[in-house]
>>> print(open('input20.cif').read())   # mmCIF, C-alpha atoms
data_entry
#
loop_
_atom_site.label_atom_id
_atom_site.label_comp_id
_atom_site.auth_asym_id
_atom_site.auth_seq_id
_atom_site.Cartn_x
_atom_site.Cartn_y
_atom_site.Cartn_z
CA LEU A 1 -36.75 32.74 -12.44
CA ALA A 2 -37.72 36.17 -13.75
CA LEU A 3 -34.53 38.18 -13.32
CA ILE A 4 -34.03 41.89 -13.88
CA HIS A 5 -31.69 42.74 -16.73
CA PRO A 6 -28.18 43.60 -15.46
CA GLU A 7 -28.38 47.10 -17.00
CA LEU A 8 -31.28 47.94 -14.67
CA ARG A 9 -29.39 47.12 -11.47
CA ARG A 10 -28.29 50.72 -11.03
CA HIS A 11 -31.97 51.57 -10.60
CA TRP A 12 -32.42 49.06 -7.80
CA SER A 13 -33.79 51.59 -5.26
CA VAL A 14 -36.60 52.59 -7.58
CA LEU A 15 -37.35 48.98 -8.53
CA ALA A 16 -37.44 47.93 -4.89
CA SER A 17 -39.94 50.69 -4.14
CA VAL A 18 -42.33 49.24 -6.69
CA GLY A 19 -42.09 45.68 -5.37
CA ALA A 20 -39.01 44.09 -6.94
CA HIS A 21 -37.28 41.57 -4.64
CA GLN A 22 -33.63 40.66 -4.28
CA LEU A 23 -32.83 37.12 -5.42
CA ARG A 24 -32.23 34.93 -2.38
CA LEU A 25 -30.46 31.59 -2.19
CA SER A 26 -33.63 29.97 -0.85
CA SER A 27 -35.57 31.09 -3.95
CA LEU A 28 -32.87 29.78 -6.25
CA VAL A 29 -32.79 26.42 -4.45
CA ALA A 30 -36.58 26.17 -4.66
CA ALA A 31 -36.43 26.81 -8.41
CA LEU A 32 -33.72 24.15 -8.86
CA GLU A 33 -35.81 21.71 -6.82
CA ALA A 34 -38.73 22.32 -9.14
CA LEU A 35 -36.56 21.52 -12.16
CA GLY A 36 -35.51 18.19 -10.64
CA ASP A 37 -33.39 16.15 -13.05
CA ASP A 38 -33.42 19.05 -15.55
CA ALA A 39 -31.59 21.37 -13.16
CA THR A 40 -28.44 21.43 -15.29
CA GLY A 41 -30.38 22.59 -18.33
CA GLY A 42 -28.12 20.77 -20.76
CA GLY A 43 -24.86 22.17 -19.38
CA GLY A 44 -22.75 24.74 -21.14
CA GLU A 45 -21.45 28.13 -20.10
CA HIS A 46 -24.69 29.26 -18.47
CA LEU A 47 -24.39 26.33 -16.04
CA ARG A 48 -20.90 27.46 -15.06
CA ARG A 49 -22.30 30.96 -14.41
CA LEU A 50 -25.00 29.40 -12.24
CA TRP A 51 -22.35 27.61 -10.18
CA SER A 52 -20.42 30.83 -9.80
CA ALA A 53 -23.55 32.69 -8.72
CA ILE A 54 -24.45 30.08 -6.12
CA ASN A 55 -20.89 30.21 -4.81
CA VAL A 56 -21.16 34.01 -4.39
CA MET A 57 -24.55 33.72 -2.69
CA ILE A 58 -23.31 31.11 -0.21
CA GLU A 59 -20.49 33.50 0.69
CA SER A 60 -22.81 36.47 1.11
CA PRO A 61 -23.32 37.64 4.74
CA SER A 62 -27.01 38.20 4.03
CA GLU A 63 -27.48 34.48 3.42
CA ARG A 64 -25.68 33.27 6.52
CA ASN A 65 -28.81 32.73 8.61
CA VAL A 66 -30.45 30.42 6.07
CA LEU A 67 -27.49 28.24 5.14
CA THR A 68 -28.28 25.57 7.73
CA THR A 69 -31.65 24.91 6.10
CA VAL A 70 -30.86 25.67 2.46
CA LEU A 71 -27.55 23.84 1.97
CA PRO A 72 -28.89 20.38 2.95
CA LYS A 73 -31.53 20.80 0.22
CA LEU A 74 -28.96 22.02 -2.28
CA LYS A 75 -26.85 18.89 -1.71
CA THR A 76 -29.70 16.70 -2.96
CA ILE A 77 -30.36 18.55 -6.23
CA PRO A 78 -28.61 17.31 -9.42
CA PHE A 79 -27.46 20.77 -10.55
CA ILE A 80 -23.75 19.97 -10.92
CA THR A 81 -22.07 17.46 -13.25
CA ASP A 82 -19.48 14.73 -13.04
CA VAL A 83 -16.39 14.49 -15.23
CA ASP A 84 -18.52 12.99 -18.00
CA GLU A 85 -20.87 16.02 -17.94
CA ALA A 86 -23.70 13.90 -16.53
CA PRO A 87 -25.95 15.60 -13.92
CA ILE A 88 -25.38 14.63 -10.32
CA CYS A 89 -26.17 16.06 -6.91
CA PRO A 90 -23.31 17.13 -4.61
CA ARG A 91 -24.24 14.41 -2.10
CA ASP A 92 -23.59 11.63 -4.65
CA ALA A 93 -20.52 13.13 -6.31
CA ARG A 94 -17.00 12.83 -4.92
CA LYS A 95 -13.93 15.01 -5.11
CA LEU A 96 -10.49 13.41 -5.06
CA PRO A 97 -7.64 14.40 -2.75
CA MET A 98 -4.71 16.13 -4.38
CA GLY A 99 -2.39 13.66 -6.06
CA VAL A 100 -4.98 10.91 -6.61
CA SER A 101 -5.29 9.92 -10.27
CA ARG A 102 -8.87 9.90 -11.52
CA HIS A 103 -7.90 7.66 -14.42
CA ALA A 104 -6.29 5.10 -12.11
CA LEU A 105 -9.35 5.16 -9.86
CA CYS A 106 -11.83 4.77 -12.71
CA LYS A 107 -9.91 1.81 -14.08
CA VAL A 108 -10.48 -0.08 -10.84
CA ILE A 109 -13.83 1.48 -9.81
CA PRO A 110 -15.50 2.55 -13.07
CA THR A 111 -18.81 3.27 -11.34
CA ARG A 112 -17.39 5.87 -8.97
CA ARG A 113 -18.60 9.30 -10.12
CA VAL A 114 -16.13 12.12 -9.68
CA VAL A 115 -17.21 15.75 -9.70
CA HIS A 116 -16.32 17.95 -12.69
CA ASP A 117 -13.18 20.03 -12.24
CA ASP A 118 -15.11 23.25 -12.94
CA VAL A 119 -17.20 22.71 -9.82
CA LEU A 120 -14.02 22.70 -7.77
CA GLN A 121 -13.24 26.21 -9.01
CA ALA A 122 -16.12 27.44 -6.83
CA PRO A 123 -14.82 26.72 -3.32
CA HIS A 124 -18.14 27.05 -1.46
CA LEU A 125 -19.81 24.80 -4.00
CA ALA A 126 -16.92 22.34 -3.81
CA SER A 127 -17.36 22.17 -0.04
CA LEU A 128 -20.79 20.57 -0.60
CA VAL A 129 -19.13 17.60 -2.34
CA PRO A 130 -17.75 14.87 0.00
CA GLU A 131 -14.09 14.05 -0.35
CA TYR A 132 -13.27 10.54 -1.52
CA LEU A 133 -10.82 9.10 0.98
CA LEU A 134 -9.16 5.77 1.58
CA ASP A 135 -12.02 4.18 3.51
CA ASP A 136 -14.36 5.09 0.63
CA LEU A 137 -12.00 3.38 -1.78
CA ALA A 138 -11.84 0.38 0.56
CA SER A 139 -15.64 0.05 0.52
CA ASP A 140 -15.73 0.28 -3.26
CA LEU A 141 -12.95 -2.30 -3.61
CA ALA A 142 -14.80 -4.69 -1.31
CA GLY A 143 -17.84 -4.40 -3.55
CA VAL A 144 -15.93 -4.92 -6.80
CA ILE A 145 -13.18 -7.43 -5.92
CA THR A 146 -15.11 -10.42 -4.62
CA ASP A 147 -12.73 -13.16 -5.79
CA GLU A 148 -9.49 -13.64 -7.71
CA ALA A 149 -11.19 -13.45 -11.09
CA ALA A 150 -12.69 -10.10 -10.13
CA ALA A 151 -9.26 -8.93 -8.93
CA GLU A 152 -7.72 -9.78 -12.29
CA ALA A 153 -10.51 -7.90 -14.09
CA ALA A 154 -10.34 -4.81 -11.88
CA ILE A 155 -6.60 -4.55 -11.23
CA GLY A 156 -5.08 -6.39 -14.20
CA ILE A 157 -2.55 -9.17 -14.32
CA ALA A 158 0.50 -7.41 -15.78
CA ASP A 159 3.15 -6.15 -13.37
CA ALA A 160 2.54 -2.60 -14.61
CA ASP A 161 -1.17 -2.90 -13.77
CA VAL A 162 -0.45 -4.07 -10.24
CA ARG A 163 2.12 -1.31 -9.68
CA ARG A 164 -0.43 1.25 -10.92
CA PHE A 165 -2.99 -0.10 -8.46
CA TYR A 166 -0.53 0.05 -5.56
CA ALA A 167 0.39 3.61 -6.57
CA LEU A 168 -3.32 4.49 -6.40
CA LEU A 169 -3.58 3.11 -2.86
CA THR A 170 -0.54 5.01 -1.62
CA SER A 171 -1.61 8.28 -3.27
CA PHE A 172 -4.40 8.72 -0.71
CA PRO A 173 -3.67 10.61 2.53
CA MET A 174 -2.87 8.23 5.37
CA ASP A 175 -3.97 10.58 8.15
CA ARG A 176 -7.68 10.89 7.33
CA LYS A 177 -10.47 8.31 7.50
CA THR A 178 -8.33 5.20 7.53
CA GLY A 179 -9.55 3.58 10.76
CA ASN A 180 -11.83 1.04 9.07
CA VAL A 181 -9.64 0.23 6.09
CA ALA A 182 -8.08 -2.92 7.56
CA SER A 183 -11.41 -4.48 8.55
CA ILE A 184 -13.08 -3.57 5.23
CA LEU A 185 -10.28 -5.01 3.10
CA ALA A 186 -9.33 -7.96 5.33
CA ASP A 187 -10.89 -10.55 3.01
CA VAL A 188 -10.54 -8.73 -0.32
CA PRO A 189 -8.06 -10.56 -2.63
CA MET A 190 -6.18 -7.48 -3.78
CA LEU A 191 -2.49 -8.26 -3.11
CA ARG A 192 -0.50 -9.96 -5.85
CA THR A 193 1.28 -13.24 -5.12
CA GLY A 194 3.39 -15.40 -7.38
CA THR A 195 0.29 -17.20 -8.64
CA GLY A 196 -2.65 -14.84 -8.23
CA PHE A 197 -4.16 -12.52 -5.63
CA VAL A 198 -4.58 -12.91 -1.88
CA SER A 199 -6.43 -10.98 0.82
CA PRO A 200 -4.53 -9.07 3.55
CA SER A 201 -5.80 -11.51 6.19
CA ARG A 202 -4.38 -14.55 4.38
CA GLY A 203 -1.31 -13.12 2.75
CA GLN A 204 2.11 -12.76 4.33
CA LEU A 205 4.87 -10.30 3.60
CA PRO A 206 8.24 -11.93 3.04
CA GLY A 207 10.52 -11.72 6.05
CA ASP A 208 13.52 -13.72 7.19
CA PHE A 209 11.92 -17.10 6.53
CA ARG A 210 10.65 -18.98 3.49
CA ASP A 211 7.50 -21.05 3.95
CA PRO A 212 8.77 -24.40 2.64
CA ILE A 213 5.39 -26.06 2.11
CA GLY A 214 3.26 -23.20 0.80
CA HIS A 215 0.99 -23.05 3.85
CA PHE A 216 0.92 -19.27 3.47
CA GLU A 217 0.49 -17.16 0.36
CA ILE A 218 3.43 -14.78 0.10
CA VAL A 219 2.78 -11.31 -1.29
CA ASP A 220 5.03 -10.40 -4.22
CA SER A 221 6.64 -7.35 -2.63
CA ARG A 222 8.92 -6.68 -5.60
CA LEU A 223 5.93 -4.86 -7.13
CA PHE A 224 5.68 -2.49 -4.15
CA GLY A 225 6.49 1.17 -4.52
CA PRO A 226 8.27 3.12 -1.78
CA ASP A 227 5.20 3.48 0.45
CA MET A 228 3.29 0.28 -0.29
CA ARG A 229 5.13 -1.96 2.16
CA GLU A 230 4.35 0.42 5.01
CA LEU A 231 0.71 0.63 3.91
CA ALA A 232 0.45 -3.15 3.73
CA ARG A 233 2.13 -3.67 7.09
CA LYS A 234 0.64 -0.87 9.17
CA LEU A 235 -2.68 -0.02 7.51
CA LEU A 236 -3.76 -3.34 5.99
CA GLU A 237 -2.18 -5.24 8.91
CA VAL A 238 -0.55 -7.85 6.68
CA ASP A 239 1.69 -10.07 8.78
CA VAL A 240 5.38 -10.51 8.07
CA LEU A 241 6.44 -14.14 7.82
CA THR A 242 9.30 -14.59 10.28
CA PHE A 243 10.88 -17.79 11.52
CA ARG A 244 9.79 -17.11 15.09
CA ARG A 245 6.15 -16.51 14.17
CA TYR A 246 6.11 -19.52 11.88
CA VAL A 247 7.35 -21.80 14.65
CA SER A 248 5.53 -20.32 17.63
CA GLU A 249 2.17 -19.58 15.99
CA HIS A 250 1.75 -21.92 13.04
CA LEU A 251 3.98 -25.01 13.15
CA ASP A 252 1.74 -26.94 15.54
CA GLU A 253 -1.32 -26.25 13.38
CA ILE A 254 0.54 -27.28 10.24
CA ILE A 255 1.64 -30.58 11.78
CA GLN A 256 -1.82 -31.29 13.17
CA ASN A 257 -3.43 -30.67 9.78
CA GLY A 258 -1.15 -33.30 8.25
CA VAL A 259 1.91 -33.07 6.03
CA THR A 260 3.36 -35.31 3.38
CA ARG A 261 6.80 -36.86 3.66
CA GLN A 262 8.15 -34.32 1.20
CA GLN A 263 6.60 -31.42 3.12
CA TYR A 264 7.91 -32.69 6.45
CA GLY A 265 11.39 -33.04 5.01
CA ALA A 266 11.20 -29.47 3.72
CA LEU A 267 10.00 -28.22 7.12
CA ILE A 268 12.79 -29.96 9.01
CA THR A 269 15.37 -28.70 6.53
CA GLU A 270 14.19 -25.10 6.90
CA ILE A 271 14.16 -25.34 10.70
CA VAL A 272 17.68 -26.80 10.71
CA ASN A 273 18.88 -24.04 8.38
CA HIS A 274 17.58 -21.43 10.85
CA ARG A 275 18.87 -23.15 13.97
CA SER A 276 21.20 -20.22 14.72
CA GLN A 277 18.14 -18.03 15.29
CA LEU A 278 16.64 -20.33 17.90
CA ASP A 279 18.59 -18.80 20.77
CA ASP A 280 18.69 -15.29 19.34
CA ASP A 281 14.93 -14.67 19.37
CA GLY A 282 13.80 -17.09 22.06
CA THR A 283 12.35 -19.65 19.66
CA LEU A 284 14.29 -22.59 21.13
CA GLY A 285 12.11 -22.93 24.21
CA GLY A 286 8.90 -22.76 22.21
CA LEU A 287 10.06 -25.30 19.66
CA ALA A 288 11.06 -27.73 22.42
CA LYS A 289 7.44 -27.77 23.64
CA LEU A 290 5.93 -28.55 20.24
CA ALA A 291 4.98 -32.07 19.15
CA PHE A 292 6.66 -31.86 15.74
CA VAL A 293 9.04 -34.87 15.78
CA ARG A 294 7.65 -37.75 13.73
CA THR A 295 7.88 -41.26 15.18
CA ARG A 296 7.91 -44.64 13.50
CA ALA A 297 4.36 -45.03 14.81
CA GLU A 298 3.36 -42.16 12.47
CA THR A 299 2.64 -39.88 15.41
CA TYR A 300 4.18 -36.56 16.41
CA VAL A 301 5.71 -35.94 19.82
CA ARG A 302 7.90 -33.46 21.64
CA PRO A 303 11.67 -33.88 21.23
CA ASP A 304 12.07 -35.01 24.86
CA GLU A 305 9.61 -37.89 24.37
CA VAL A 306 11.48 -39.83 21.70
CA TYR A 307 14.92 -41.23 20.80
CA ILE A 308 17.17 -41.61 17.80
CA TRP A 309 17.29 -45.37 17.31
CA SER A 310 20.35 -47.38 18.30
CA ALA A 311 20.74 -51.08 19.11
CA PRO A 312 21.80 -50.48 22.75
CA LEU A 313 18.81 -48.21 23.35
CA GLU A 314 16.45 -50.70 21.74
CA THR A 315 17.74 -53.38 24.11
CA ILE A 316 16.52 -51.28 27.01
CA LEU A 317 13.46 -49.57 25.55
CA GLY A 318 12.16 -52.26 23.26
CA THR A 319 10.79 -51.96 19.75
CA ASP A 320 7.74 -49.77 20.40
CA PRO A 321 7.67 -47.58 17.23
CA ALA A 322 6.25 -44.64 19.20
CA ARG A 323 9.58 -44.42 21.05
CA TRP A 324 11.75 -43.88 17.95
CA VAL A 325 12.29 -40.97 15.57
CA ASP A 326 11.24 -41.78 12.01
CA GLU A 327 14.57 -40.87 10.42
CA ALA A 328 13.30 -42.00 7.03
CA TRP A 329 11.30 -38.75 6.90
CA ILE A 330 14.37 -36.60 7.59
CA PRO A 331 16.39 -35.77 4.47
CA ARG A 332 19.75 -37.50 4.52
CA GLU A 333 21.69 -34.27 3.93
CA VAL A 334 20.43 -32.68 7.17
CA GLN A 335 20.29 -35.73 9.47
CA SER A 336 23.56 -34.92 11.21
CA ARG A 337 22.60 -31.31 11.86
CA CYS A 338 19.11 -32.43 12.82
CA ARG A 339 20.54 -34.63 15.59
CA ASP A 340 22.43 -31.61 16.92
CA LEU A 341 19.17 -29.63 16.85
CA PHE A 342 17.25 -32.38 18.66
CA ASP A 343 19.97 -32.46 21.30
CA ARG A 344 19.53 -28.73 21.91
CA LEU A 345 15.77 -29.25 22.12
CA GLY A 346 16.12 -31.78 24.92
CA MET A 347 15.97 -35.10 23.10
CA PRO A 348 17.54 -37.77 25.37
CA PHE A 349 20.48 -39.73 23.99
CA THR A 350 20.72 -41.95 27.08
CA VAL A 351 17.69 -43.61 28.57
CA ALA A 352 15.69 -41.31 30.80
CA ALA A 353 14.68 -42.72 34.19
CA GLU A 354 10.97 -42.28 33.56
CA HIS A 355 11.23 -44.22 30.30
CA ILE A 356 12.96 -47.11 32.11
CA VAL A 357 10.05 -47.13 34.54
CA ASP A 358 7.59 -47.09 31.65
CA ARG A 359 9.43 -50.03 30.09
CA ILE A 360 9.38 -52.06 33.31
CA GLU A 361 5.66 -51.41 33.74
CA ALA A 362 4.96 -52.43 30.14
CA ILE A 363 6.88 -55.70 30.58
CA ALA A 364 5.13 -56.41 33.88
CA GLU A 365 1.73 -55.81 32.37
CA GLY A 366 2.59 -58.10 29.48
CA GLY A 367 3.62 -60.91 31.84
CA GLY A 368 7.16 -61.02 30.49
CA GLY A 369 10.44 -60.80 32.25
CA LEU A 370 13.60 -58.80 32.04
CA ASP A 371 16.60 -60.39 30.38
#
>>> encode(input="input20.cif", output="structure tokens")
Amino acid sequence: LALIHPELRRHWSVLASVGAHQLRLSSLVAALEALGDDATGGGGEHLRRLWSAINVMIESPSERNVLTTVLPKLKTIPFITDVDEAPICPRDARKLPMGVSRHALCKVIPTRRVVHDDVLQAPHLASLVPEYLLDDLASDLAGVITDEAAAEAAIGIADADVRRFYALLTSFPMDRKTGNVASILADVPMLRTGTGFVSPSRGQLPGDFRDPIGHFEIVDSRLFGPDMRELARKLLEVDVLTFRRYVSEHLDEIIQNGVTRQQYGALITEIVNHRSQLDDDGTLGGLAKLAFVRTRAETYVRPDEVYIWSAPLETILGTDPARWVDEAWIPREVQSRCRDLFDRLGMPFTVAAEHIVDRIEAIAEGGGGLD
């Protein structure tokens, strides 16, 4: 652009009368468009003056009518720089909310380009740069952390690395653009467990119950800062592992998928140890309806469908293994308490009428007789 020397500005009236024109924002944008990738001109102080000038022109009342057409063009021109002094257009740059550490962000998302601080000194220019909020971070994390190996590379494996990452998450404002965060990050393995990383959809926050067989991956909450537990629970929608939820929502699936003798013993022990909660939170009724009691026939039935073996009961009910609890799978140290639990769950300790009928029918069908 051919600009009049500043010392001649006091003669503007005369210059205007001979055809000189006032520099307009539209002319400046057109000149920057023509420069293309060379719009920054190598940077330096003159570039900062350009930013300042554009900021003043955007604010000028005389430019107000053209802003709706000029600013969209300006956003696509690489006339500003990122923190590494590389040219970038406002549309592709991002500014960080107050309190968010650029260094912490770049460690996890090294490709995210953050606008240079000097651009932010020009408020109208800064308004052209989109703010980088939590849903933007979520999208970037989903692209970078595709498996546990990628999580270790991006976040780090030391406790300090994980704490730094959690501090980054909680430094973003929670009241703006967070509606899609849970769905974006649902399957991203970004939460530290005792052995690696787990996604919010598969991980569980520790509650009042310990998963005795490792069916769930428990998030290591000792690494959480003050706000991370709330973020994990409310924003990432990570479930809390409670005894009630474990029994009512997952125990049936766990049994159906198959458990080893050791796992079953651990399950029964944990249930017995939490038996005082059964009445408190309404779990007793739900547990009574679940087919979780192992029989000698290697099947699982409801507590009211099976008996603890005794010689008198066997005389009446016979030796059908499906009728008897497989006590060999119940750890010896909890067998007494387990019987008390089964009693509360409706297990019969005298022969139920319907089972006598079943026994008579079985004998009749087999052609035998009753002794």
>>> atom_distance(input="input20.cif", atom1="atom CA of Arg344 of chain A", atom2="atom CA of Ile268 of chain A")
14.6 Å
>>> closest_residue(input="input20.cif", among="A:Ser26, A:Gln263, A:Ser310, A:Thr269", to="Ser336 of chain A", atoms="all atoms listed in the file")
A:Thr269
>>> residues_around(input="input20.cif", residues="Arg163 of chain A", least_positions_apart="3", cutoff="9 Å", atoms="only C-alpha atoms", output="PyMOL selection string")
chain A and resi 158-160+166-168+223-225
>>> residues_around(input="input20.cif", residues="segment 75-81 of chain A", least_positions_apart="4", cutoff="12 Å", atoms="all atoms listed in the file", output="ChimeraX atom specification")
/A:28-44,46-52,54,67-71,85-95,113-120,122,124-130
>>> closest_residue(input="input20.cif", among="A:Val357, A:Leu251, A:Val240, A:Ala328", to="Gly286 of chain A", atoms="all atoms listed in the file")
A:Leu251
>>> residues_around(input="input20.cif", residues="Glu237 of chain A", least_positions_apart="6", cutoff="8 Å", atoms="all atoms listed in the file", output="PyMOL selection string")
chain A and resi 182+200-201
>>> residues_around(input="input20.cif", residues="segment 272-283 of chain A", least_positions_apart="4", cutoff="9 Å", atoms="only C-alpha atoms", output="list in words")
Phe209, Phe243, Arg244, Arg245, Val247, Ser248, Leu267, Ile268, Leu287, Ala288, Val334, Arg337, Cys338 and Leu341 of chain A
>>> atom_distance(input="input20.cif", atom1="atom CA of Leu345 of chain A", atom2="atom CA of Ile271 of chain A")
12.2 Å
>>> closest_residue(input="input20.cif", among="A:Arg294, A:Ala362, A:Asp140, A:Val66", to="Tyr264 of chain A", atoms="all atoms listed in the file")
A:Arg294
>>> atom_distance(input="input20.cif", atom1="atom CA of Glu217 of chain A", atom2="atom CA of Thr193 of chain A")
6.8 Å
>>> build_atoms(input="input20.cif", residues="segment 238-258 of chain A", atoms="N, CA, C and O atoms", output="PDB file, in the coordinates of the input")
ATOM      1  N   VAL A 238      -1.045  -6.604   7.255  1.00  0.00           N
ATOM      2  CA  VAL A 238      -0.550  -7.850   6.680  1.00  0.00           C
ATOM      3  C   VAL A 238       0.650  -8.315   7.511  1.00  0.00           C
ATOM      4  O   VAL A 238       1.572  -7.543   7.771  1.00  0.00           O
ATOM      5  N   ASP A 239       0.617  -9.551   7.940  1.00  0.00           N
ATOM      6  CA  ASP A 239       1.690 -10.070   8.780  1.00  0.00           C
ATOM      7  C   ASP A 239       2.958 -10.306   7.976  1.00  0.00           C
ATOM      8  O   ASP A 239       2.903 -10.605   6.779  1.00  0.00           O
ATOM      9  N   VAL A 240       4.080 -10.188   8.654  1.00  0.00           N
ATOM     10  CA  VAL A 240       5.380 -10.510   8.070  1.00  0.00           C
ATOM     11  C   VAL A 240       5.748 -11.929   8.491  1.00  0.00           C
ATOM     12  O   VAL A 240       5.686 -12.271   9.674  1.00  0.00           O
ATOM     13  N   LEU A 241       6.102 -12.751   7.526  1.00  0.00           N
ATOM     14  CA  LEU A 241       6.440 -14.140   7.820  1.00  0.00           C
ATOM     15  C   LEU A 241       7.864 -14.223   8.356  1.00  0.00           C
ATOM     16  O   LEU A 241       8.827 -14.110   7.615  1.00  0.00           O
ATOM     17  N   THR A 242       7.993 -14.426   9.651  1.00  0.00           N
ATOM     18  CA  THR A 242       9.300 -14.590  10.280  1.00  0.00           C
ATOM     19  C   THR A 242       9.420 -16.021  10.807  1.00  0.00           C
ATOM     20  O   THR A 242       8.415 -16.704  11.029  1.00  0.00           O
ATOM     21  N   PHE A 243      10.641 -16.437  11.009  1.00  0.00           N
ATOM     22  CA  PHE A 243      10.880 -17.790  11.520  1.00  0.00           C
ATOM     23  C   PHE A 243      10.232 -17.970  12.891  1.00  0.00           C
ATOM     24  O   PHE A 243       9.584 -18.991  13.158  1.00  0.00           O
ATOM     25  N   ARG A 244      10.369 -16.985  13.753  1.00  0.00           N
ATOM     26  CA  ARG A 244       9.790 -17.110  15.090  1.00  0.00           C
ATOM     27  C   ARG A 244       8.281 -17.259  15.042  1.00  0.00           C
ATOM     28  O   ARG A 244       7.712 -18.116  15.727  1.00  0.00           O
ATOM     29  N   ARG A 245       7.609 -16.429  14.255  1.00  0.00           N
ATOM     30  CA  ARG A 245       6.150 -16.510  14.170  1.00  0.00           C
ATOM     31  C   ARG A 245       5.723 -17.830  13.538  1.00  0.00           C
ATOM     32  O   ARG A 245       4.722 -18.418  13.938  1.00  0.00           O
ATOM     33  N   TYR A 246       6.451 -18.271  12.553  1.00  0.00           N
ATOM     34  CA  TYR A 246       6.110 -19.520  11.880  1.00  0.00           C
ATOM     35  C   TYR A 246       6.154 -20.686  12.871  1.00  0.00           C
ATOM     36  O   TYR A 246       5.242 -21.523  12.911  1.00  0.00           O
ATOM     37  N   VAL A 247       7.199 -20.703  13.690  1.00  0.00           N
ATOM     38  CA  VAL A 247       7.350 -21.800  14.650  1.00  0.00           C
ATOM     39  C   VAL A 247       6.373 -21.665  15.808  1.00  0.00           C
ATOM     40  O   VAL A 247       5.672 -22.616  16.171  1.00  0.00           O
ATOM     41  N   SER A 248       6.303 -20.475  16.402  1.00  0.00           N
ATOM     42  CA  SER A 248       5.530 -20.320  17.630  1.00  0.00           C
ATOM     43  C   SER A 248       4.028 -20.264  17.395  1.00  0.00           C
ATOM     44  O   SER A 248       3.248 -20.677  18.258  1.00  0.00           O
ATOM     45  N   GLU A 249       3.596 -19.779  16.219  1.00  0.00           N
ATOM     46  CA  GLU A 249       2.170 -19.580  15.990  1.00  0.00           C
ATOM     47  C   GLU A 249       1.543 -20.549  15.002  1.00  0.00           C
ATOM     48  O   GLU A 249       0.322 -20.747  15.031  1.00  0.00           O
ATOM     49  N   HIS A 250       2.363 -21.159  14.139  1.00  0.00           N
ATOM     50  CA  HIS A 250       1.750 -21.920  13.040  1.00  0.00           C
ATOM     51  C   HIS A 250       2.235 -23.358  12.895  1.00  0.00           C
ATOM     52  O   HIS A 250       1.532 -24.178  12.308  1.00  0.00           O
ATOM     53  N   LEU A 251       3.427 -23.677  13.399  1.00  0.00           N
ATOM     54  CA  LEU A 251       3.980 -25.010  13.150  1.00  0.00           C
ATOM     55  C   LEU A 251       3.100 -26.110  13.721  1.00  0.00           C
ATOM     56  O   LEU A 251       2.864 -27.136  13.066  1.00  0.00           O
ATOM     57  N   ASP A 252       2.596 -25.914  14.917  1.00  0.00           N
ATOM     58  CA  ASP A 252       1.740 -26.940  15.540  1.00  0.00           C
ATOM     59  C   ASP A 252       0.496 -27.193  14.697  1.00  0.00           C
ATOM     60  O   ASP A 252       0.114 -28.347  14.454  1.00  0.00           O
ATOM     61  N   GLU A 253      -0.121 -26.116  14.232  1.00  0.00           N
ATOM     62  CA  GLU A 253      -1.320 -26.250  13.380  1.00  0.00           C
ATOM     63  C   GLU A 253      -0.996 -26.977  12.083  1.00  0.00           C
ATOM     64  O   GLU A 253      -1.763 -27.837  11.622  1.00  0.00           O
ATOM     65  N   ILE A 254       0.141 -26.645  11.497  1.00  0.00           N
ATOM     66  CA  ILE A 254       0.540 -27.280  10.240  1.00  0.00           C
ATOM     67  C   ILE A 254       0.717 -28.783  10.425  1.00  0.00           C
ATOM     68  O   ILE A 254       0.241 -29.589   9.623  1.00  0.00           O
ATOM     69  N   ILE A 255       1.406 -29.160  11.502  1.00  0.00           N
ATOM     70  CA  ILE A 255       1.640 -30.580  11.780  1.00  0.00           C
ATOM     71  C   ILE A 255       0.307 -31.291  12.048  1.00  0.00           C
ATOM     72  O   ILE A 255       0.062 -32.398  11.545  1.00  0.00           O
ATOM     73  N   GLN A 256      -0.546 -30.674  12.828  1.00  0.00           N
ATOM     74  CA  GLN A 256      -1.820 -31.290  13.170  1.00  0.00           C
ATOM     75  C   GLN A 256      -2.722 -31.474  11.942  1.00  0.00           C
ATOM     76  O   GLN A 256      -3.500 -32.432  11.862  1.00  0.00           O
ATOM     77  N   ASN A 257      -2.608 -30.576  11.000  1.00  0.00           N
ATOM     78  CA  ASN A 257      -3.430 -30.670   9.780  1.00  0.00           C
ATOM     79  C   ASN A 257      -2.920 -31.745   8.829  1.00  0.00           C
ATOM     80  O   ASN A 257      -3.606 -32.117   7.883  1.00  0.00           O
ATOM     81  N   GLY A 258      -1.702 -32.237   9.083  1.00  0.00           N
ATOM     82  CA  GLY A 258      -1.150 -33.300   8.250  1.00  0.00           C
ATOM     83  C   GLY A 258      -0.208 -32.775   7.191  1.00  0.00           C
ATOM     84  O   GLY A 258      -0.507 -31.782   6.513  1.00  0.00           O
TER      85      GLY A 258
END
